[in-house]
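Pasting start33.cif here (mmCIF, C-alpha atoms):
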```
data_entry
#
loop_
_atom_site.label_atom_id
_atom_site.label_comp_id
_atom_site.auth_asym_id
_atom_site.auth_seq_id
_atom_site.Cartn_x
_atom_site.Cartn_y
_atom_site.Cartn_z
CA MET V 274 -5.32 -45.63 -23.71
CA ARG V 275 -5.14 -47.30 -20.29
CA LYS V 276 -1.29 -47.19 -20.41
CA GLN V 277 -1.34 -43.49 -21.28
CA PHE V 278 -3.63 -42.80 -18.33
CA ILE V 279 -1.32 -44.70 -15.96
CA TYR V 280 1.76 -42.83 -17.24
CA LEU V 281 -0.03 -39.50 -16.86
CA SER V 282 -1.10 -40.36 -13.30
CA LEU V 283 2.46 -41.30 -12.37
CA ALA V 284 3.80 -38.05 -13.83
CA VAL V 285 1.30 -35.97 -11.85
CA ALA V 286 2.17 -37.85 -8.65
CA VAL V 287 5.91 -37.28 -9.14
CA PHE V 288 5.29 -33.60 -9.91
CA CYS V 289 3.19 -33.12 -6.78
CA THR V 290 5.80 -34.92 -4.65
CA ALA V 291 8.53 -32.65 -6.04
CA CYS V 292 6.43 -29.59 -5.27
CA LYS V 293 6.04 -30.72 -1.67
CA LYS V 294 9.80 -31.29 -1.34
CA ASP V 295 10.68 -27.87 -2.80
CA ASN V 296 8.03 -25.94 -0.92
CA TYR V 297 10.47 -24.51 1.66
CA LYS V 298 9.93 -21.25 3.49
CA ALA V 299 11.75 -18.37 1.84
CA PRO V 300 14.30 -16.27 3.78
CA ASP V 301 12.29 -13.81 5.88
CA ALA V 302 14.86 -11.82 7.87
CA GLY V 303 17.90 -9.60 7.55
CA ILE V 304 20.65 -7.89 9.48
CA SER V 305 22.47 -4.64 8.74
CA GLY V 306 24.65 -2.13 10.51
CA ASN V 307 28.13 -0.65 10.72
CA ILE V 308 31.61 -1.58 11.84
CA VAL V 309 32.25 1.14 14.42
CA ASP V 310 35.44 2.29 16.12
CA ALA V 311 34.74 1.69 19.82
CA LEU V 312 36.85 4.73 20.78
CA THR V 313 35.70 7.35 18.28
CA GLY V 314 32.24 6.08 17.33
CA GLN V 315 33.08 6.51 13.65
CA ASN V 316 32.72 3.87 10.95
CA VAL V 317 35.89 1.93 10.16
CA PRO V 318 36.59 2.09 6.38
CA GLN V 319 37.14 -1.29 4.71
CA GLN V 320 37.97 -2.87 1.39
CA THR V 321 35.34 -4.88 -0.46
CA LEU V 322 37.65 -7.20 -2.46
CA ASN V 323 39.26 -9.82 -0.19
CA GLY V 324 38.46 -7.61 2.77
CA ALA V 325 36.55 -7.76 6.03
CA LYS V 326 33.56 -10.06 6.51
CA ILE V 327 30.61 -10.60 8.77
CA ARG V 328 30.06 -14.28 9.56
CA LEU V 329 26.63 -15.43 10.77
CA TYR V 330 26.22 -18.81 12.47
CA GLN V 331 22.62 -19.96 12.97
CA THR V 332 22.88 -21.65 16.36
CA ASP V 333 19.47 -23.33 16.06
CA TYR V 334 21.31 -26.09 14.21
CA LYS V 335 24.18 -28.37 15.18
CA ASN V 336 27.51 -27.46 13.55
CA PRO V 337 26.14 -24.45 11.59
CA GLN V 338 28.09 -23.29 8.55
CA PRO V 339 28.96 -19.58 8.33
CA ILE V 340 26.89 -17.22 6.19
CA ASN V 341 29.39 -14.64 4.97
CA SER V 342 28.65 -11.01 4.12
CA SER V 343 31.15 -8.50 2.75
CA ILE V 344 31.56 -5.09 4.36
CA LYS V 345 31.27 -1.99 2.17
CA SER V 346 34.07 0.55 1.80
CA ASP V 347 32.34 2.96 4.22
CA GLY V 348 32.21 0.31 6.95
CA SER V 349 28.54 -0.62 6.58
CA TYR V 350 27.16 -4.10 5.93
CA ALA V 351 23.84 -5.76 5.13
CA ASN V 352 22.47 -9.24 4.56
CA THR V 353 18.72 -9.19 3.91
CA PHE V 354 18.40 -12.80 2.77
CA ILE V 355 18.50 -15.00 5.87
CA PHE V 356 16.00 -17.03 7.91
CA SER V 357 14.61 -15.96 11.25
CA GLY V 358 16.43 -17.58 14.14
CA ASN V 359 19.22 -17.36 16.67
CA TYR V 360 22.62 -16.31 15.36
CA LYS V 361 26.16 -15.80 16.55
CA VAL V 362 27.66 -12.77 14.79
CA VAL V 363 31.42 -12.69 14.15
CA ALA V 364 33.34 -9.87 12.46
CA GLU V 365 36.70 -10.48 10.79
CA GLY V 366 38.93 -7.74 9.36
CA PRO V 367 41.61 -5.12 10.18
CA PHE V 368 40.52 -4.77 13.76
CA PHE V 369 40.30 -6.42 17.17
CA TYR V 370 36.80 -7.77 17.76
CA ARG V 371 36.36 -9.51 21.09
CA ASP V 372 32.64 -8.98 21.64
CA THR V 373 31.09 -11.74 19.54
CA ILE V 374 27.35 -11.25 19.98
CA SER V 375 24.31 -13.51 19.88
CA LEU V 376 21.09 -12.24 18.35
CA ASN V 377 17.58 -13.47 17.85
CA ILE V 378 16.90 -12.19 14.34
CA LYS V 379 13.29 -11.69 13.27
CA GLY V 380 12.43 -9.30 10.48
CA ASN V 381 15.14 -6.71 9.82
CA VAL V 382 17.58 -6.18 12.69
CA VAL V 383 20.14 -3.36 12.96
CA ALA V 384 23.36 -4.21 14.82
CA ASP V 385 26.43 -1.97 14.93
CA LEU V 386 29.57 -3.92 15.83
CA LYS V 387 32.19 -2.14 17.93
CA VAL V 388 35.81 -2.87 17.10
CA THR V 389 39.30 -1.51 17.68
CA PRO V 390 41.05 -0.87 14.33
CA TYR V 391 44.64 -2.04 13.98
CA MET V 392 45.68 1.35 12.60
CA GLU V 393 44.59 4.94 12.17
CA VAL V 394 45.31 6.36 8.71
CA SER V 395 44.92 9.91 7.40
CA ALA V 396 45.42 11.35 3.91
CA GLU V 397 45.98 14.92 2.75
CA LEU V 398 46.02 16.28 -0.80
CA VAL V 399 49.27 18.16 -1.50
CA SER V 400 48.87 19.07 -5.17
CA LYS V 401 47.56 17.88 -8.50
CA THR V 402 48.16 18.40 -12.21
CA SER V 403 46.36 17.18 -15.29
CA THR V 404 48.12 13.80 -15.02
CA SER V 405 49.20 13.44 -11.38
CA ILE V 406 48.01 13.60 -7.78
CA THR V 407 50.33 14.04 -4.79
CA LEU V 408 49.23 13.07 -1.28
CA ARG V 409 50.66 12.81 2.22
CA ILE V 410 49.81 9.78 4.30
CA LYS V 411 50.22 9.33 8.03
CA ALA V 412 49.70 6.03 9.81
CA LYS V 413 49.91 4.89 13.41
CA ARG V 414 48.78 1.92 15.42
CA THR V 415 45.90 2.21 17.82
CA PRO V 416 46.73 2.11 21.56
CA GLY V 417 47.65 -1.36 22.77
CA ASN V 418 48.44 -2.77 19.33
CA ASP V 419 51.98 -4.20 19.17
CA GLN V 420 51.75 -5.58 15.62
CA LYS V 421 54.60 -4.55 13.30
CA ILE V 422 53.69 -1.87 10.74
CA ALA V 423 54.36 -3.48 7.37
CA ARG V 424 53.09 -1.16 4.63
CA VAL V 425 52.01 2.43 4.02
CA ALA V 426 50.18 3.04 0.76
CA VAL V 427 47.87 5.16 -1.36
CA VAL V 428 45.48 3.92 -4.05
CA ALA V 429 43.41 5.70 -6.70
CA GLY V 430 40.77 4.40 -9.06
CA LEU V 431 37.89 5.47 -11.24
CA THR V 432 35.26 3.81 -9.02
CA ALA V 433 34.44 3.93 -5.31
CA GLY V 434 35.48 0.28 -5.01
CA VAL V 435 39.16 1.24 -5.02
CA ASP V 436 41.46 -0.57 -2.59
CA ILE V 437 44.87 -2.25 -2.47
CA ASN V 438 43.62 -4.99 -4.82
CA ASN V 439 41.61 -2.78 -7.17
CA TYR V 440 43.12 0.46 -8.49
CA TYR V 441 43.90 2.40 -11.68
CA ASN V 442 46.31 0.17 -13.59
CA VAL V 443 46.87 1.10 -17.23
CA ASP V 444 49.08 -1.30 -19.22
CA GLY V 445 50.18 -2.99 -16.01
CA THR V 446 52.03 0.11 -14.78
CA LYS V 447 50.16 0.27 -11.44
CA ASN V 448 49.90 4.03 -11.84
CA GLY V 449 47.07 4.17 -9.31
CA LEU V 450 49.17 2.58 -6.55
CA GLY V 451 51.94 3.83 -4.29
CA VAL V 452 53.28 1.61 -1.51
CA VAL V 453 56.24 1.60 0.89
CA ASN V 454 57.49 -1.50 2.69
CA THR V 455 58.16 -0.47 6.30
CA GLU V 456 59.06 -3.83 7.81
CA ALA V 457 62.73 -2.83 8.19
CA ILE V 458 61.84 0.54 9.77
CA SER V 459 61.04 0.93 13.45
CA ASP V 460 57.38 1.46 14.24
CA ALA V 461 58.17 4.68 16.10
CA ALA V 462 59.89 6.06 13.01
CA VAL V 463 56.95 5.10 10.79
CA GLU V 464 54.45 6.71 13.11
CA ASN V 465 56.47 9.92 13.36
CA ASP V 466 57.03 10.15 9.61
CA THR V 467 54.82 11.43 6.81
CA TYR V 468 54.81 9.53 3.53
CA GLU V 469 54.37 11.48 0.32
CA PHE V 470 53.24 9.74 -2.86
CA THR V 471 52.81 11.09 -6.39
CA LEU V 472 50.55 9.05 -8.64
CA LYS V 473 51.48 9.73 -12.27
CA ASN V 474 50.18 9.00 -15.77
CA LEU V 475 46.57 9.67 -14.80
CA LYS V 476 43.82 10.84 -17.16
CA PRO V 477 43.35 14.63 -17.49
CA GLY V 478 40.06 16.07 -16.28
CA SER V 479 39.01 12.83 -14.58
CA LEU V 480 37.50 12.11 -11.19
CA TYR V 481 39.51 9.69 -9.04
CA TYR V 482 38.54 7.97 -5.82
CA VAL V 483 41.61 8.05 -3.58
CA ARG V 484 42.41 6.38 -0.25
CA GLY V 485 45.41 6.29 2.03
CA GLY V 486 46.06 2.88 3.55
CA ALA V 487 48.40 0.98 5.84
CA ARG V 488 48.65 -2.48 7.30
CA THR V 489 50.35 -4.34 10.08
CA LEU V 490 51.64 -7.88 10.03
CA ASN V 491 48.29 -9.50 10.78
CA ASN V 492 46.45 -12.66 9.89
CA GLY V 493 44.81 -11.96 6.55
CA ASN V 494 47.12 -9.03 5.68
CA PHE V 495 44.18 -6.67 6.17
CA TYR V 496 44.65 -2.96 5.39
CA ASN V 497 43.18 -0.08 7.31
CA TYR V 498 42.13 2.95 5.27
CA ALA V 499 41.57 6.65 5.58
CA GLY V 500 38.20 7.98 4.45
CA MET V 501 37.50 8.09 0.71
CA MET V 502 38.59 11.23 -1.15
CA GLN V 503 37.28 12.37 -4.53
CA ILE V 504 39.90 14.27 -6.50
CA SER V 505 39.68 15.49 -10.10
CA THR V 506 42.82 15.94 -12.14
CA ASN V 507 43.19 19.27 -13.92
CA PRO V 508 41.88 19.54 -17.50
#
```

Once you've parsed the file, please lay out its structure as structure tokens.
Amino acid sequence: MRKQFIYLSLAVAVFCTACKKDNYKAPDAGISGNIVDALTGQNVPQQTLNGAKIRLYQTDYKNPQPINSSIKSDGSYANTFIFSGNYKVVAEGPFFYRDTISLNIKGNVVADLKVTPYMEVSAELVSKTSTSITLRIKAKRTPGNDQKIARVAVVAGLTAGVDINNYYNVDGTKNGLGVVNTEAISDAAVENDTYEFTLKNLKPGSLYYVRGGARTLNNGNFYNYAGMMQISTNP
């Protein structure tokens, strides 16, 4: 009986010690906002899969590791699961971002980050049938950007998460993707041209999320996008 009491006492002591060790303060702060074109004031569309990121470095600690947050397709972001403290905020994506900011984050903080996109992309619906969508895409670099224009593209998918890595792809035919390699074409010619794409073998009477896109030769091969379009094929 004495041995059982000793074992029980030891177990309670270990349990209480573990409780003390694990009794850390829970995350109590958050940050949210938008990636904003410094020239136009509009959100900069992004891709969510292998796309732009917000990196938070808590500078209260030596050699802080980044806390990464993805940016949504509409250019907004949010991380509501961090600790209060001092942070350096870094944005990485298809844009020039030179104004790394430092914030004291307590509670929920809103911070819009101003950037200069690599490219401006527009998309226009030309026509549609029950199984196809035809669009015109125009792309040009923003002022001061001397990066080579490498691709002009259009993507379509059945969800709003569509981007160059995630599109309608039945039987491996990539029928929700159209892309032109422009590396051998002068940038002036690309910017003066209009690229027409017809996406075929689509589902009749179906709603597609469609985006024009283009990218330069940049670290990360990031694409810039036009705003999201919702287009239904004919019945």

Note to self: For a test of reading the model, state the distance in Å between CA of Lys345 in chain V and CA of Gln320 in chain V, rounded to one decimal.
What the structure shows: 6.8 Å

Item checked: Exercise: residues within 10 Å of coordinate (24.7, -3.8, 4.3), counting all atoms listed in the file, as a count of residues only -> 16

Note to self: Given the PyMOL selection byres ((chain V and resi 489) around 7) and the file above, list the residues it selects as a PyMOL selection string.
What the structure shows: chain V and resi 420-424+488+490-491

Just C-alpha atoms for this one: save the residues we selected as a JSON list (two decimals), keeping the file's coordinate frame.
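Contents of result_16.json, as written:
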```json
[["chain", "number", "residue", "atom", "x", "y", "z"],
["V", 420, "GLN", "CA", 51.75, -5.58, 15.62],
["V", 421, "LYS", "CA", 54.60, -4.55, 13.30],
["V", 422, "ILE", "CA", 53.69, -1.87, 10.74],
["V", 423, "ALA", "CA", 54.36, -3.48, 7.37],
["V", 424, "ARG", "CA", 53.09, -1.16, 4.63],
["V", 488, "ARG", "CA", 48.65, -2.48, 7.30],
["V", 490, "LEU", "CA", 51.64, -7.88, 10.03],
["V", 491, "ASN", "CA", 48.29, -9.50, 10.78]]
```

Notebook entry, point to check: Around (25.8, -2.4, 16.3) in the file's own coordinates, what residues are found within 12 Å if you use all atoms listed in the file, given back as a PyMOL selection string?
Noted result: chain V and resi 304-311+314-316+348-351+362-364+372-376+382-388

Next item on the list: Evaluate the PyMOL selection byres ((chain V and resi 500) around 7) here and jot the selected residues down as number ranges by chain.
Entry: V: 318, 484, 498-499, 501-502

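If only C-alpha atoms are the atoms counted, then among V:Leu329, V:Gly451, V:Ser479, V:Arg414 the closest residue to Asn465 in chain V is V:Arg414.
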
Note to self: Between V:Leu312, V:Glu469, V:Ile410, V:Val435, which residue has the minimum interatomic distance to Asp347 in chain V, considering all atoms listed in the file?
What the structure shows: V:Val435

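You will find CA of Gln503 in chain V at 26.0 Å from CA of Thr415 in chain V.
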
Enclose the full set of atoms of range 429-441 of chain V listed in the file within a box whose edges lie along x, y and z, apply 3 Å of padding to each of the six sides, and report centre and edge lengths in Å to one decimal as JSON.
```
{"center_x": 39.7, "center_y": 0.4, "center_z": -7.1, "size_x": 16.4, "size_y": 16.7, "size_z": 15.2}
```

Next item on the list: Name every residue that the PyMOL selection byres ((chain V and resi 452) around 10) selects in this structure, writing the answer as a list in words with chains first and numbers rising.
Entry: Arg424, Val425, Ala426, Val427, Val428, Ile437, Leu450, Gly451, Val453, Asn454, Thr455, Tyr468, Phe470, Gly485, Gly486 and Ala487 of chain V

Mind dumping the selected residues with C-alpha atoms as a PDB file, in the frame of the given file?
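What landed in again-v2.pdb:
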```pdb
ATOM      1  CA  ARG V 424      53.090  -1.160   4.630  1.00  0.00           C
ATOM      2  CA  VAL V 425      52.010   2.430   4.020  1.00  0.00           C
ATOM      3  CA  ALA V 426      50.180   3.040   0.760  1.00  0.00           C
ATOM      4  CA  VAL V 427      47.870   5.160  -1.360  1.00  0.00           C
ATOM      5  CA  VAL V 428      45.480   3.920  -4.050  1.00  0.00           C
ATOM      6  CA  ILE V 437      44.870  -2.250  -2.470  1.00  0.00           C
ATOM      7  CA  LEU V 450      49.170   2.580  -6.550  1.00  0.00           C
ATOM      8  CA  GLY V 451      51.940   3.830  -4.290  1.00  0.00           C
ATOM      9  CA  VAL V 453      56.240   1.600   0.890  1.00  0.00           C
ATOM     10  CA  ASN V 454      57.490  -1.500   2.690  1.00  0.00           C
ATOM     11  CA  THR V 455      58.160  -0.470   6.300  1.00  0.00           C
ATOM     12  CA  TYR V 468      54.810   9.530   3.530  1.00  0.00           C
ATOM     13  CA  PHE V 470      53.240   9.740  -2.860  1.00  0.00           C
ATOM     14  CA  GLY V 485      45.410   6.290   2.030  1.00  0.00           C
ATOM     15  CA  GLY V 486      46.060   2.880   3.550  1.00  0.00           C
ATOM     16  CA  ALA V 487      48.400   0.980   5.840  1.00  0.00           C
TER      17      ALA V 487
END
```

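Considering all atoms listed in the file, the residue among V:Gly449, V:Ile378, V:Gln319, V:Thr404 positioned nearest to Tyr391 in chain V is V:Gln319.
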
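Distances here use only C-alpha atoms; by that measure, the residue among V:Pro477, V:Pro367, V:Pro337, V:Pro508 closest to Asn494 in chain V is V:Pro367.
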
Some atoms are missing, so please complete range 305-337 of chain V with N, CA and C atoms and return it as a compact mmCIF listing (two decimals), in the coordinates of the input.
```
# COMPACT_ATOMS: atom_id res chain seq x y z
N SER V 305 21.65 -5.69 9.34
CA SER V 305 22.47 -4.64 8.74
C SER V 305 23.04 -3.78 9.86
N GLY V 306 24.06 -3.00 9.51
CA GLY V 306 24.65 -2.13 10.51
C GLY V 306 25.99 -1.60 10.05
N ASN V 307 26.83 -1.25 11.01
CA ASN V 307 28.13 -0.65 10.72
C ASN V 307 29.21 -1.27 11.58
N ILE V 308 30.43 -1.24 11.06
CA ILE V 308 31.61 -1.58 11.84
C ILE V 308 32.10 -0.27 12.43
N VAL V 309 32.05 -0.14 13.75
CA VAL V 309 32.25 1.14 14.42
C VAL V 309 33.48 1.10 15.31
N ASP V 310 34.30 2.13 15.23
CA ASP V 310 35.44 2.29 16.12
C ASP V 310 34.91 2.51 17.54
N ALA V 311 35.26 1.61 18.46
CA ALA V 311 34.74 1.69 19.82
C ALA V 311 35.19 2.96 20.53
N LEU V 312 36.33 3.53 20.11
CA LEU V 312 36.85 4.73 20.78
C LEU V 312 36.24 6.01 20.22
N THR V 313 36.15 6.10 18.89
CA THR V 313 35.70 7.35 18.28
C THR V 313 34.22 7.34 17.90
N GLY V 314 33.62 6.16 17.76
CA GLY V 314 32.24 6.08 17.33
C GLY V 314 32.05 6.23 15.83
N GLN V 315 33.15 6.35 15.10
CA GLN V 315 33.08 6.51 13.65
C GLN V 315 33.17 5.15 12.95
N ASN V 316 32.59 5.09 11.74
CA ASN V 316 32.72 3.87 10.95
C ASN V 316 34.18 3.61 10.60
N VAL V 317 34.54 2.34 10.53
CA VAL V 317 35.89 1.93 10.16
C VAL V 317 35.91 1.57 8.68
N PRO V 318 36.57 2.38 7.82
CA PRO V 318 36.59 2.09 6.38
C PRO V 318 37.20 0.71 6.10
N GLN V 319 36.71 0.07 5.04
CA GLN V 319 37.14 -1.29 4.71
C GLN V 319 37.43 -1.39 3.22
N GLN V 320 37.87 -2.58 2.81
CA GLN V 320 37.97 -2.87 1.39
C GLN V 320 37.00 -3.98 1.08
N THR V 321 36.39 -3.93 -0.11
CA THR V 321 35.34 -4.88 -0.46
C THR V 321 35.89 -6.13 -1.13
N LEU V 322 37.05 -6.05 -1.78
CA LEU V 322 37.65 -7.20 -2.46
C LEU V 322 38.66 -7.85 -1.53
N ASN V 323 38.39 -9.10 -1.13
CA ASN V 323 39.26 -9.82 -0.19
C ASN V 323 39.45 -9.04 1.11
N GLY V 324 38.38 -8.42 1.57
CA GLY V 324 38.46 -7.61 2.77
C GLY V 324 37.70 -8.20 3.93
N ALA V 325 37.23 -7.33 4.81
CA ALA V 325 36.55 -7.76 6.03
C ALA V 325 35.23 -8.47 5.72
N LYS V 326 34.80 -9.30 6.67
CA LYS V 326 33.56 -10.06 6.51
C LYS V 326 32.79 -10.12 7.81
N ILE V 327 31.48 -10.24 7.67
CA ILE V 327 30.61 -10.60 8.77
C ILE V 327 30.24 -12.06 8.58
N ARG V 328 30.43 -12.87 9.63
CA ARG V 328 30.06 -14.28 9.56
C ARG V 328 28.90 -14.53 10.52
N LEU V 329 27.82 -15.10 9.98
CA LEU V 329 26.63 -15.43 10.77
C LEU V 329 26.55 -16.94 10.94
N TYR V 330 26.39 -17.39 12.18
CA TYR V 330 26.22 -18.81 12.47
C TYR V 330 24.85 -19.00 13.11
N GLN V 331 23.95 -19.74 12.42
CA GLN V 331 22.62 -19.96 12.97
C GLN V 331 22.71 -21.08 14.00
N THR V 332 22.63 -20.71 15.27
CA THR V 332 22.88 -21.65 16.36
C THR V 332 21.68 -22.55 16.67
N ASP V 333 20.60 -22.41 15.90
CA ASP V 333 19.47 -23.33 16.06
C ASP V 333 19.82 -24.72 15.54
N TYR V 334 20.92 -24.83 14.81
CA TYR V 334 21.31 -26.09 14.21
C TYR V 334 22.67 -26.54 14.75
N LYS V 335 22.90 -27.83 14.75
CA LYS V 335 24.18 -28.37 15.18
C LYS V 335 25.21 -28.15 14.09
N ASN V 336 26.41 -27.72 14.48
CA ASN V 336 27.51 -27.46 13.55
C ASN V 336 27.09 -26.54 12.38
N PRO V 337 26.58 -25.36 12.67
CA PRO V 337 26.14 -24.45 11.59
C PRO V 337 27.32 -23.97 10.75
```
